[in-house]
Amino acid sequence: MCSKRRIAVVIPAFNEEKSIGDVVHSIRGLGEGFDAIVINDNSTDRTTEVALKAGAVVIELPCNLGIGGAVQTGYKFARDRGYDACIQVDGDGQHPADQIPRLIAPLFEDGYDMVIGSRFVTDSDYEISFMRLVGIKVLSFFLKITTGMDVKDTTSGFRAINRKVLELFANEYPQDYPEPESLVFAHKKGLRVKEIPTRMASRMYGKSSITPILSAYYMIKVMLAMFIDLFKK
C-alpha cells in the first residue's frame, strides 16, 4: 500500500478507559499513514484522558449519540481532513490492529468500495452466544433475499471504506443499527462490497450490551429497519 495514503481509523468509544489505550497503541504501531481517531460518545470515565495519552486524536461528543452517530462523526472528520480511506474499529479491543492492512488492501488493489472483516466466512474459534449467532444468520438470510448480497457477518463493526463511500456516509449514515443498515445503503448505491475472514478477539473488559434475551427482539427491529431502508428515497 502506498505510504502516502492516509487512513483514518475511527474508534467509537463509550466508557472504554480500560481498553482504549491498548487499542490506540496498537494502531499507532502500524506506522505512518494510520491515524487513530477516537470518538468519545459522552463517556463518564477517563476514556478521553487515556486515549490522548496514547496518542489519539479525540473528538468528544456533548451527548450520547450511539454507535451510528459516533461513527458518522468520525467519517465527517475524516472527510473534511482529506483522508483517502477509513476503517471502523471497536474501542473494546476485539479488532486486532494487525488485521487492518488486510481490510484496507482490497480498496486500493481491487477497487472495492467497502470491505467487511468477518468472523464467519471461514471456520473460526471466535466465541459467540447461540442466540446471537442465530440472529446474525437470520439477518444474513434476510439481507440476501431482499438485496441479493451474500454477507455472513452482517453485524461486524470491523470494516473499511474508500473515499467515495466516506463522502457518502459522512452525509448520510444509519443511526439505529448502522452495521446491517449500511449494507442496505451500499446495495441501493450500487457499491462493491467484499467480505473477508479476519481474526477477532474477545472483549478485553466488560461485556456486550446485547444480551441473549435481547437478541430476538433486536433481530426483529433490525430487519424492520432494513426493510424500511429499502424503500427510502
# chains A, B, ... in the order shown; residues from 1 in each chain; ligands from 1

call {"tool": "select_by_dssp", "arguments": {"residues": "region 27-229 of chain A", "states": "helix (DSSP H, G or I)", "output": "VMD selection string"}}
result
chain A and resid 27 to 28 47 to 54 66 to 80 97 to 109 130 to 147 163 to 171 178 to 188 212 to 229

call {"tool": "closest_atom_pairs", "arguments": {"of": "region 11-44 of chain A", "to": "region 86-90 of chain A", "cutoff": "9 Å", "atoms": "only C-alpha atoms", "output": "CSV"}}
result
residue,atom,partner,partner_atom,distance
A:Ile11,CA,A:Val89,CA,5.1
A:Pro12,CA,A:Asp90,CA,6.3
A:Ala13,CA,A:Asp90,CA,7.2
A:Val23,CA,A:Asp90,CA,8.5

call {"tool": "closest_residue", "arguments": {"among": "A:Ile59, A:Ala201, A:Ala78, A:Ala160", "to": "Arg6 (chain A)", "atoms": "only C-alpha atoms"}}
result
A:Ala78

call {"tool": "select_by_dssp", "arguments": {"residues": "region 17-95 of chain A", "states": "strand (DSSP E)", "output": "PyMOL selection string"}}
result
chain A and resi 34-40+57-60+85-88

call {"tool": "write_last_selection", "arguments": {"atoms": "C-alpha atoms", "output": "mmCIF file, in the first residue's frame"}}
result
data_model
loop_
_atom_site.group_PDB
_atom_site.id
_atom_site.type_symbol
_atom_site.label_atom_id
_atom_site.label_comp_id
_atom_site.auth_asym_id
_atom_site.auth_seq_id
_atom_site.Cartn_x
_atom_site.Cartn_y
_atom_site.Cartn_z
ATOM 1 C CA PHE A 34 -2.625 5.341 10.069
ATOM 2 C CA ASP A 35 -4.239 7.845 12.444
ATOM 3 C CA ALA A 36 -6.305 6.786 15.476
ATOM 4 C CA ILE A 37 -9.438 8.961 15.757
ATOM 5 C CA VAL A 38 -11.340 8.241 18.984
ATOM 6 C CA ILE A 39 -14.942 9.430 19.136
ATOM 7 C CA ASN A 40 -15.794 9.687 22.820
ATOM 8 C CA VAL A 57 -6.960 12.427 18.166
ATOM 9 C CA VAL A 58 -10.068 12.628 20.349
ATOM 10 C CA ILE A 59 -13.440 14.115 19.460
ATOM 11 C CA GLU A 60 -15.737 14.488 22.464
ATOM 12 C CA ALA A 85 -9.905 5.753 3.307
ATOM 13 C CA CYS A 86 -11.419 4.998 6.668
ATOM 14 C CA ILE A 87 -11.748 1.937 8.849
ATOM 15 C CA GLN A 88 -14.039 1.439 11.826
#

call {"tool": "residues_around", "arguments": {"residues": "Ala216 (chain A)", "least_positions_apart": "3", "cutoff": "7 Å", "atoms": "only C-alpha atoms", "output": "PyMOL selection string"}}
result
chain A and resi 135+219-220

call {"tool": "residues_around", "arguments": {"residues": "Asp22 (chain A)", "least_positions_apart": "4", "cutoff": "9 Å", "atoms": "only C-alpha atoms", "output": "list in words"}}
result
Lys18, Ser26, Ile27, Ala51, Ala54 and Gly93 of chain A

call {"tool": "atom_distance", "arguments": {"atom1": "CA of Ser140 (chain A)", "atom2": "CA of Tyr217 (chain A)"}}
result
16.2 Å

call {"tool": "residues_around", "arguments": {"residues": "Val184 (chain A)", "least_positions_apart": "5", "cutoff": "8 Å", "atoms": "only C-alpha atoms", "output": "list of chain:residue names"}}
result
A:Leu143, A:Thr147, A:Met226, A:Asp229, A:Leu230

call {"tool": "atom_distance", "arguments": {"atom1": "CA of Gly91 (chain A)", "atom2": "CA of Ala56 (chain A)"}}
result
12.0 Å

call {"tool": "residues_around", "arguments": {"residues": "Glu179 (chain A)", "least_positions_apart": "4", "cutoff": "8 Å", "atoms": "only C-alpha atoms", "output": "list of chain:residue names"}}
result
A:Thr154, A:Thr155, A:Ser156, A:Gly157, A:Leu183

call {"tool": "atom_distance", "arguments": {"atom1": "CA of Lys189 (chain A)", "atom2": "CA of Val9 (chain A)"}}
result
23.5 Å

call {"tool": "residues_around", "arguments": {"residues": "Asp176 (chain A)", "least_positions_apart": "3", "cutoff": "8 Å", "atoms": "only C-alpha atoms", "output": "list in words"}}
result
Gly66, Ile67 and Gly68 of chain A

call {"tool": "closest_residue", "arguments": {"among": "A:Ile196, A:Val138, A:Ala186, A:Met131", "to": "Gly117 (chain A)", "atoms": "only C-alpha atoms"}}
result
A:Ile196
